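A.B. asks: Take a look at entry08.cif, mmCIF, N, CA and C atoms:
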data_model
#
loop_
_atom_site.group_PDB
_atom_site.id
_atom_site.type_symbol
_atom_site.label_atom_id
_atom_site.label_comp_id
_atom_site.auth_asym_id
_atom_site.auth_seq_id
_atom_site.Cartn_x
_atom_site.Cartn_y
_atom_site.Cartn_z
ATOM 1 N N MET A 4 11.511 24.952 -9.095
ATOM 2 C CA MET A 4 11.140 23.991 -8.069
ATOM 3 C C MET A 4 10.842 22.646 -8.738
ATOM 4 N N ILE A 5 11.193 21.593 -8.024
ATOM 5 C CA ILE A 5 10.856 20.262 -8.516
ATOM 6 C C ILE A 5 10.088 19.491 -7.441
ATOM 7 N N LEU A 6 9.343 18.509 -7.906
ATOM 8 C CA LEU A 6 8.592 17.613 -7.040
ATOM 9 C C LEU A 6 9.079 16.199 -7.324
ATOM 10 N N VAL A 7 9.435 15.491 -6.288
ATOM 11 C CA VAL A 7 9.890 14.106 -6.426
ATOM 12 C C VAL A 7 8.848 13.215 -5.765
ATOM 13 N N ARG A 8 8.385 12.217 -6.509
ATOM 14 C CA ARG A 8 7.435 11.237 -5.982
ATOM 15 C C ARG A 8 8.098 9.869 -5.998
ATOM 16 N N ASP A 9 8.271 9.307 -4.816
ATOM 17 C CA ASP A 9 8.731 7.926 -4.690
ATOM 18 C C ASP A 9 7.490 7.086 -4.423
ATOM 19 N N ILE A 10 7.220 6.155 -5.316
ATOM 20 C CA ILE A 10 5.989 5.371 -5.271
ATOM 21 C C ILE A 10 6.337 3.929 -4.912
ATOM 22 N N PHE A 11 5.789 3.480 -3.791
ATOM 23 C CA PHE A 11 6.067 2.135 -3.302
ATOM 24 C C PHE A 11 4.797 1.297 -3.370
ATOM 25 N N ASN A 12 4.886 0.150 -4.006
ATOM 26 C CA ASN A 12 3.811 -0.824 -4.014
ATOM 27 C C ASN A 12 4.123 -1.811 -2.903
ATOM 28 N N LEU A 13 3.347 -1.693 -1.831
ATOM 29 C CA LEU A 13 3.621 -2.489 -0.632
ATOM 30 C C LEU A 13 3.054 -3.895 -0.754
ATOM 31 N N LYS A 14 3.627 -4.790 0.006
ATOM 32 C CA LYS A 14 3.095 -6.144 0.076
ATOM 33 C C LYS A 14 1.725 -6.097 0.743
ATOM 34 N N PHE A 15 0.874 -7.037 0.381
ATOM 35 C CA PHE A 15 -0.484 -7.095 0.905
ATOM 36 C C PHE A 15 -0.462 -7.099 2.432
ATOM 37 N N GLY A 16 -1.214 -6.185 3.023
ATOM 38 C CA GLY A 16 -1.331 -6.122 4.476
ATOM 39 C C GLY A 16 -0.203 -5.415 5.200
ATOM 40 N N LYS A 17 0.715 -4.775 4.476
ATOM 41 C CA LYS A 17 1.883 -4.147 5.115
ATOM 42 C C LYS A 17 1.810 -2.624 5.197
ATOM 43 N N ALA A 18 0.679 -2.034 4.833
ATOM 44 C CA ALA A 18 0.564 -0.570 4.846
ATOM 45 C C ALA A 18 0.718 -0.006 6.254
ATOM 46 N N LYS A 19 0.112 -0.639 7.230
ATOM 47 C CA LYS A 19 0.200 -0.148 8.610
ATOM 48 C C LYS A 19 1.651 -0.172 9.097
ATOM 49 N N ASP A 20 2.376 -1.238 8.790
ATOM 50 C CA ASP A 20 3.785 -1.332 9.178
ATOM 51 C C ASP A 20 4.613 -0.236 8.510
ATOM 52 N N ALA A 21 4.327 0.026 7.230
ATOM 53 C CA ALA A 21 5.068 1.064 6.506
ATOM 54 C C ALA A 21 4.795 2.438 7.093
ATOM 55 N N LYS A 22 3.551 2.718 7.453
ATOM 56 C CA LYS A 22 3.215 4.016 8.049
ATOM 57 C C LYS A 22 3.922 4.189 9.395
ATOM 58 N N THR A 23 4.020 3.128 10.165
ATOM 59 C CA THR A 23 4.730 3.186 11.445
ATOM 60 C C THR A 23 6.206 3.513 11.222
ATOM 61 N N LEU A 24 6.813 2.869 10.236
ATOM 62 C CA LEU A 24 8.224 3.143 9.938
ATOM 63 C C LEU A 24 8.435 4.579 9.464
ATOM 64 N N LEU A 25 7.463 5.118 8.730
ATOM 65 C CA LEU A 25 7.585 6.510 8.279
ATOM 66 C C LEU A 25 7.610 7.465 9.473
ATOM 67 N N THR A 26 6.804 7.179 10.467
ATOM 68 C CA THR A 26 6.804 7.991 11.684
ATOM 69 C C THR A 26 8.170 7.925 12.351
ATOM 70 N N ASP A 27 8.748 6.726 12.383
ATOM 71 C CA ASP A 27 10.087 6.551 12.960
ATOM 72 C C ASP A 27 11.154 7.332 12.199
ATOM 73 N N ALA A 28 10.935 7.574 10.913
ATOM 74 C CA ALA A 28 11.945 8.214 10.059
ATOM 75 C C ALA A 28 11.850 9.740 10.025
ATOM 76 N N LYS A 29 10.897 10.323 10.711
ATOM 77 C CA LYS A 29 10.706 11.782 10.635
ATOM 78 C C LYS A 29 11.972 12.560 10.973
ATOM 79 N N GLU A 30 12.655 12.185 12.039
ATOM 80 C CA GLU A 30 13.869 12.900 12.430
ATOM 81 C C GLU A 30 14.989 12.719 11.408
ATOM 82 N N LEU A 31 15.093 11.515 10.860
ATOM 83 C CA LEU A 31 16.099 11.280 9.811
ATOM 84 C C LEU A 31 15.814 12.164 8.602
ATOM 85 N N ASN A 32 14.546 12.259 8.216
ATOM 86 C CA ASN A 32 14.172 13.091 7.072
ATOM 87 C C ASN A 32 14.609 14.536 7.285
ATOM 88 N N LYS A 33 14.336 15.075 8.460
ATOM 89 C CA LYS A 33 14.723 16.455 8.758
ATOM 90 C C LYS A 33 16.238 16.622 8.716
ATOM 91 N N LYS A 34 16.935 15.656 9.294
ATOM 92 C CA LYS A 34 18.397 15.722 9.380
ATOM 93 C C LYS A 34 19.040 15.812 8.004
ATOM 94 N N TYR A 35 18.461 15.125 7.013
ATOM 95 C CA TYR A 35 19.062 15.084 5.682
ATOM 96 C C TYR A 35 18.323 15.939 4.657
ATOM 97 N N GLY A 36 17.544 16.917 5.137
ATOM 98 C CA GLY A 36 16.954 17.906 4.244
ATOM 99 C C GLY A 36 15.618 17.548 3.634
ATOM 100 N N PHE A 37 15.045 16.432 4.037
ATOM 101 C CA PHE A 37 13.753 16.030 3.497
ATOM 102 C C PHE A 37 12.622 16.537 4.404
ATOM 103 N N ASP A 38 12.649 17.841 4.698
ATOM 104 C CA ASP A 38 11.666 18.382 5.630
ATOM 105 C C ASP A 38 10.372 18.822 4.953
ATOM 106 N N SER A 39 10.332 18.877 3.649
ATOM 107 C CA SER A 39 9.085 19.209 2.942
ATOM 108 C C SER A 39 8.522 17.955 2.271
ATOM 109 N N THR A 40 8.448 16.887 3.042
ATOM 110 C CA THR A 40 7.977 15.606 2.519
ATOM 111 C C THR A 40 6.596 15.295 3.079
ATOM 112 N N ARG A 41 5.756 14.713 2.247
ATOM 113 C CA ARG A 41 4.472 14.231 2.737
ATOM 114 C C ARG A 41 4.228 12.831 2.197
ATOM 115 N N ALA A 42 3.457 12.070 2.948
ATOM 116 C CA ALA A 42 3.136 10.689 2.577
ATOM 117 C C ALA A 42 1.665 10.620 2.193
ATOM 118 N N LEU A 43 1.394 9.870 1.120
ATOM 119 C CA LEU A 43 0.028 9.680 0.658
ATOM 120 C C LEU A 43 -0.226 8.186 0.468
ATOM 121 N N THR A 44 -1.458 7.771 0.721
ATOM 122 C CA THR A 44 -1.834 6.380 0.470
ATOM 123 C C THR A 44 -2.986 6.366 -0.518
ATOM 124 N N ASP A 45 -3.206 5.208 -1.119
ATOM 125 C CA ASP A 45 -4.178 5.085 -2.197
ATOM 126 C C ASP A 45 -5.626 5.084 -1.712
ATOM 127 N N LEU A 46 -6.494 5.656 -2.516
ATOM 128 C CA LEU A 46 -7.939 5.519 -2.370
ATOM 129 C C LEU A 46 -8.509 4.857 -3.626
ATOM 130 N N THR A 47 -7.773 4.979 -4.728
ATOM 131 C CA THR A 47 -8.165 4.346 -5.989
ATOM 132 C C THR A 47 -6.912 3.748 -6.620
ATOM 133 N N GLY A 48 -7.080 3.026 -7.687
ATOM 134 C CA GLY A 48 -5.943 2.437 -8.383
ATOM 135 C C GLY A 48 -5.392 1.244 -7.631
ATOM 136 N N PRO A 49 -4.131 0.921 -7.847
ATOM 137 C CA PRO A 49 -3.533 -0.243 -7.169
ATOM 138 C C PRO A 49 -3.586 -0.091 -5.649
ATOM 139 N N SER A 50 -3.915 -1.162 -4.975
ATOM 140 C CA SER A 50 -3.992 -1.139 -3.509
ATOM 141 C C SER A 50 -2.604 -1.230 -2.891
ATOM 142 N N TYR A 51 -2.531 -0.841 -1.628
ATOM 143 C CA TYR A 51 -1.292 -0.890 -0.848
ATOM 144 C C TYR A 51 -0.177 -0.104 -1.524
ATOM 145 N N ARG A 52 -0.531 1.100 -1.963
ATOM 146 C CA ARG A 52 0.430 1.991 -2.601
ATOM 147 C C ARG A 52 0.731 3.140 -1.648
ATOM 148 N N LEU A 53 1.981 3.438 -1.476
ATOM 149 C CA LEU A 53 2.441 4.524 -0.623
ATOM 150 C C LEU A 53 3.270 5.468 -1.487
ATOM 151 N N VAL A 54 2.918 6.741 -1.476
ATOM 152 C CA VAL A 54 3.624 7.740 -2.276
ATOM 153 C C VAL A 54 4.262 8.751 -1.324
ATOM 154 N N LEU A 55 5.557 8.945 -1.467
ATOM 155 C CA LEU A 55 6.265 9.963 -0.701
ATOM 156 C C LEU A 55 6.602 11.104 -1.653
ATOM 157 N N GLU A 56 6.104 12.279 -1.349
ATOM 158 C CA GLU A 56 6.357 13.448 -2.177
ATOM 159 C C GLU A 56 7.291 14.393 -1.431
ATOM 160 N N SER A 57 8.261 14.923 -2.148
ATOM 161 C CA SER A 57 9.136 15.937 -1.568
ATOM 162 C C SER A 57 9.351 17.047 -2.584
ATOM 163 N N GLN A 58 9.479 18.258 -2.078
ATOM 164 C CA GLN A 58 9.623 19.434 -2.916
ATOM 165 C C GLN A 58 11.016 20.016 -2.705
ATOM 166 N N TRP A 59 11.651 20.408 -3.802
ATOM 167 C CA TRP A 59 13.042 20.881 -3.757
ATOM 168 C C TRP A 59 13.221 22.141 -4.589
ATOM 169 N N ASP A 60 14.152 22.977 -4.168
ATOM 170 C CA ASP A 60 14.472 24.185 -4.933
ATOM 171 C C ASP A 60 15.102 23.840 -6.275
ATOM 172 N N SER A 61 15.863 22.743 -6.314
ATOM 173 C CA SER A 61 16.540 22.352 -7.553
ATOM 174 C C SER A 61 16.829 20.851 -7.528
ATOM 175 N N LEU A 62 17.092 20.321 -8.677
ATOM 176 C CA LEU A 62 17.471 18.918 -8.790
ATOM 177 C C LEU A 62 18.803 18.680 -8.077
ATOM 178 N N ALA A 63 19.691 19.647 -8.133
ATOM 179 C CA ALA A 63 20.993 19.527 -7.456
ATOM 180 C C ALA A 63 20.817 19.401 -5.942
ATOM 181 N N LYS A 64 19.878 20.161 -5.355
ATOM 182 C CA LYS A 64 19.612 20.068 -3.909
ATOM 183 C C LYS A 64 19.114 18.672 -3.550
ATOM 184 N N TRP A 65 18.200 18.146 -4.357
ATOM 185 C CA TRP A 65 17.665 16.805 -4.107
ATOM 186 C C TRP A 65 18.784 15.771 -4.201
ATOM 187 N N GLU A 66 19.608 15.872 -5.246
ATOM 188 C CA GLU A 66 20.707 14.924 -5.421
ATOM 189 C C GLU A 66 21.675 14.965 -4.243
ATOM 190 N N SER A 67 21.974 16.146 -3.770
ATOM 191 C CA SER A 67 22.886 16.294 -2.641
ATOM 192 C C SER A 67 22.315 15.644 -1.376
ATOM 193 N N SER A 68 21.037 15.888 -1.095
ATOM 194 C CA SER A 68 20.402 15.290 0.083
ATOM 195 C C SER A 68 20.323 13.777 -0.042
ATOM 196 N N MET A 69 20.037 13.283 -1.229
ATOM 197 C CA MET A 69 19.977 11.838 -1.448
ATOM 198 C C MET A 69 21.344 11.206 -1.186
ATOM 199 N N LYS A 70 22.370 11.818 -1.715
ATOM 200 C CA LYS A 70 23.720 11.278 -1.560
ATOM 201 C C LYS A 70 24.129 11.230 -0.093
ATOM 202 N N GLU A 71 23.879 12.318 0.613
ATOM 203 C CA GLU A 71 24.244 12.383 2.027
ATOM 204 C C GLU A 71 23.390 11.430 2.863
ATOM 205 N N GLY A 72 22.081 11.458 2.648
ATOM 206 C CA GLY A 72 21.174 10.632 3.441
ATOM 207 C C GLY A 72 21.329 9.149 3.194
ATOM 208 N N LEU A 73 21.377 8.745 1.931
ATOM 209 C CA LEU A 73 21.475 7.320 1.607
ATOM 210 C C LEU A 73 22.792 6.706 2.045
ATOM 211 N N GLY A 74 23.810 7.530 2.185
ATOM 212 C CA GLY A 74 25.107 7.034 2.624
ATOM 213 C C GLY A 74 25.236 6.899 4.134
ATOM 214 N N ALA A 75 24.282 7.442 4.875
ATOM 215 C CA ALA A 75 24.356 7.418 6.346
ATOM 216 C C ALA A 75 23.972 6.045 6.895
ATOM 217 N N SER A 76 24.731 5.571 7.851
ATOM 218 C CA SER A 76 24.460 4.245 8.422
ATOM 219 C C SER A 76 23.112 4.186 9.124
ATOM 220 N N GLU A 77 22.693 5.286 9.769
ATOM 221 C CA GLU A 77 21.397 5.275 10.446
ATOM 222 C C GLU A 77 20.241 5.162 9.448
ATOM 223 N N TRP A 78 20.409 5.769 8.270
ATOM 224 C CA TRP A 78 19.376 5.634 7.246
ATOM 225 C C TRP A 78 19.373 4.211 6.701
ATOM 226 N N GLN A 79 20.547 3.650 6.493
ATOM 227 C CA GLN A 79 20.643 2.268 5.997
ATOM 228 C C GLN A 79 19.963 1.291 6.947
ATOM 229 N N GLN A 80 20.108 1.512 8.256
ATOM 230 C CA GLN A 80 19.462 0.643 9.249
ATOM 231 C C GLN A 80 17.946 0.740 9.144
ATOM 232 N N TRP A 81 17.438 1.960 8.976
ATOM 233 C CA TRP A 81 15.997 2.144 8.817
ATOM 234 C C TRP A 81 15.514 1.469 7.539
ATOM 235 N N TYR A 82 16.254 1.667 6.464
ATOM 236 C CA TYR A 82 15.863 1.148 5.151
ATOM 237 C C TYR A 82 15.802 -0.381 5.145
ATOM 238 N N GLN A 83 16.659 -1.037 5.887
ATOM 239 C CA GLN A 83 16.638 -2.500 5.968
ATOM 240 C C GLN A 83 15.332 -2.999 6.580
ATOM 241 N N LYS A 84 14.690 -2.199 7.400
ATOM 242 C CA LYS A 84 13.382 -2.557 7.963
ATOM 243 C C LYS A 84 12.259 -2.319 6.957
ATOM 244 N N PHE A 85 12.460 -1.324 6.075
ATOM 245 C CA PHE A 85 11.434 -0.943 5.104
ATOM 246 C C PHE A 85 11.405 -1.892 3.895
ATOM 247 N N ILE A 86 12.559 -2.351 3.440
ATOM 248 C CA ILE A 86 12.667 -3.191 2.246
ATOM 249 C C ILE A 86 11.712 -4.386 2.258
ATOM 250 N N PRO A 87 11.607 -5.147 3.350
ATOM 251 C CA PRO A 87 10.727 -6.324 3.325
ATOM 252 C C PRO A 87 9.240 -6.010 3.148
ATOM 253 N N LEU A 88 8.844 -4.760 3.293
ATOM 254 C CA LEU A 88 7.442 -4.373 3.159
ATOM 255 C C LEU A 88 7.047 -4.054 1.723
ATOM 256 N N VAL A 89 8.039 -3.932 0.832
ATOM 257 C CA VAL A 89 7.820 -3.414 -0.521
ATOM 258 C C VAL A 89 7.927 -4.517 -1.581
ATOM 259 N N ASP A 90 6.950 -4.509 -2.512
ATOM 260 C CA ASP A 90 7.006 -5.406 -3.674
ATOM 261 C C ASP A 90 7.793 -4.766 -4.811
ATOM 262 N N SER A 91 7.527 -3.475 -5.069
ATOM 263 C CA SER A 91 8.208 -2.760 -6.142
ATOM 264 C C SER A 91 8.110 -1.262 -5.876
ATOM 265 N N ALA A 92 8.876 -0.490 -6.643
ATOM 266 C CA ALA A 92 8.874 0.958 -6.458
ATOM 267 C C ALA A 92 9.234 1.650 -7.759
ATOM 268 N N SER A 93 8.874 2.923 -7.826
ATOM 269 C CA SER A 93 9.258 3.757 -8.962
ATOM 270 C C SER A 93 9.400 5.191 -8.469
ATOM 271 N N ARG A 94 9.950 6.041 -9.323
ATOM 272 C CA ARG A 94 10.159 7.449 -8.948
ATOM 273 C C ARG A 94 9.763 8.334 -10.114
ATOM 274 N N GLU A 95 9.119 9.434 -9.776
ATOM 275 C CA GLU A 95 8.794 10.475 -10.751
ATOM 276 C C GLU A 95 9.451 11.765 -10.280
ATOM 277 N N ILE A 96 10.089 12.495 -11.196
ATOM 278 C CA ILE A 96 10.660 13.798 -10.874
ATOM 279 C C ILE A 96 10.036 14.801 -11.849
ATOM 280 N N LEU A 97 9.353 15.788 -11.278
ATOM 281 C CA LEU A 97 8.557 16.719 -12.068
ATOM 282 C C LEU A 97 8.971 18.150 -11.783
ATOM 283 N N THR A 98 8.853 19.006 -12.782
ATOM 284 C CA THR A 98 9.055 20.434 -12.599
ATOM 285 C C THR A 98 7.728 21.050 -12.183
ATOM 286 N N ILE A 99 7.757 21.873 -11.134
ATOM 287 C CA ILE A 99 6.547 22.566 -10.685
ATOM 288 C C ILE A 99 6.382 23.822 -11.536
ATOM 289 N N VAL A 100 5.278 23.914 -12.227
ATOM 290 C CA VAL A 100 5.020 25.045 -13.125
ATOM 291 C C VAL A 100 4.396 26.208 -12.369
ATOM 292 N N ASN A 101 3.413 25.959 -11.547
ATOM 293 C CA ASN A 101 2.728 27.003 -10.755
ATOM 294 C C ASN A 101 2.869 26.721 -9.304
#
Could you show the structure in this file as structure tokens?
C.D. replies:
Amino acid sequence: MILVRDIFNLKFGKAKDAKTLLTDAKELNKKYGFDSTRALTDLTGPSYRLVLESQWDSLAKWESSMKEGLGASEWQQWYQKFIPLVDSASREILTIVN
């Protein structure tokens, strides 16, 4: 099993807008296999940080869902709304030991 963390550093004051967009994306996430995803926000560390965690059986499964989902026009339309809310982003891919 692997855990993927997409970490977004949001623009000041844009956390509420980002959370609203995440709610809008729930059906898209399910459609493209991202059904074990959860969103987390910061309590410590850098402010206006949004972390999306997803769990996968394998790296190949994650890659396949990313390829299919990111190529979809409906996802691209959603993403164009999300981009202006973000200052920077990073990704962590981890193996789940226990």
A.B. asks: List the neighbours of region 25-33 of chain A out to 8 Å using all atoms listed in the file; skip same-chain residues closer than 5 positions along the sequence, and give me the result as a list of chain:residue names.
C.D. replies: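 So the residues in contact are A:Lys19, A:Asp20, A:Asp38, A:Ser39, A:Thr40, A:Gly72, A:Glu77, A:Trp78, A:Trp81.
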A.B. asks: Output as a tab-separated table one row per residue of region 62-99 of chain A within 6.5 Å of region 4-18 of chain A: the closest atom pair and its distance in Å to one decimal place, counting only N, CA and C atoms, sorted by chain and residue number ascending.
C.D. replies:
residue	atom	partner	partner_atom	distance
A:Leu62	N	A:Ile5	N	6.1
A:Leu88	C	A:Lys14	N	3.9
A:Val89	CA	A:Leu13	CA	4.3
A:Asp90	N	A:Asn12	C	3.9
A:Ser91	C	A:Asn12	N	4.0
A:Ala92	CA	A:Ile10	C	4.2
A:Ser93	C	A:Ile10	N	4.0
A:Arg94	CA	A:Arg8	C	4.3
A:Glu95	N	A:Arg8	C	3.9
A:Ile96	CA	A:Val7	CA	4.5
A:Leu97	C	A:Leu6	N	3.9
A:Thr98	CA	A:Ile5	CA	4.5
A:Ile99	N	A:Met4	C	4.0
A.B. asks: How many Å lie between CA of Lys22 (chain A) and CA of Met69 (chain A), rounded to one decimal?
C.D. replies: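 If I compute the distance from CA of Lys22 (chain A) to CA of Met69 (chain A), I get 20.8 Å.
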A.B. asks: Enumerate the residues of chain A with a DSSP assignment of alpha helix (DSSP H), computed from the backbone, and present them as number ranges by chain.
C.D. replies: A: 18-27, 29-34, 62-73, 76-85
A.B. asks: Around region 60-76 of chain A, fit a box with edges along x, y and z, padding it by 8 Å on each side, then list its centre and edge lengths in Å to one decimal as JSON.
C.D. replies:
{"center_x": 19.7, "center_y": 14.2, "center_z": 0.2, "size_x": 27.1, "size_y": 36.0, "size_z": 33.9}
A.B. asks: Could you jot down the CA of Asn101 (chain A) to CA of Glu71 (chain A) separation for me, Å, one decimal place?
C.D. replies: 29.0 Å
A.B. asks: Would you return as a PyMOL selection string the members of chain A that DSSP assigns to strand (DSSP E) on this structure's backbone?
C.D. replies: chain A and resi 5-13+40-44+52-59+89-98
A.B. asks: Tell me which of A:Val100, A:Ala21, A:Ser76, A:Phe37 sits closest to Gln58 (chain A), counting only N, CA and C atoms.
C.D. replies: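 Checking each candidate against Gln58 (chain A), we get A:Phe37 as the closest.
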A.B. asks: For atom C of Val54 (chain A) and CA of Lys84 (chain A), determine how far apart the two atoms are, in Å to one decimal place.
C.D. replies: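 Taking atom C of Val54 (chain A) and CA of Lys84 (chain A), their separation equals 17.2 Å.
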A.B. asks: Neighbourhood query: residues within 8 Å of (5.6, 11.8, 2.3), file coordinates, counting only C-alpha atoms; return as a ChimeraX atom specification.
C.D. replies: /A:40-43,54-57
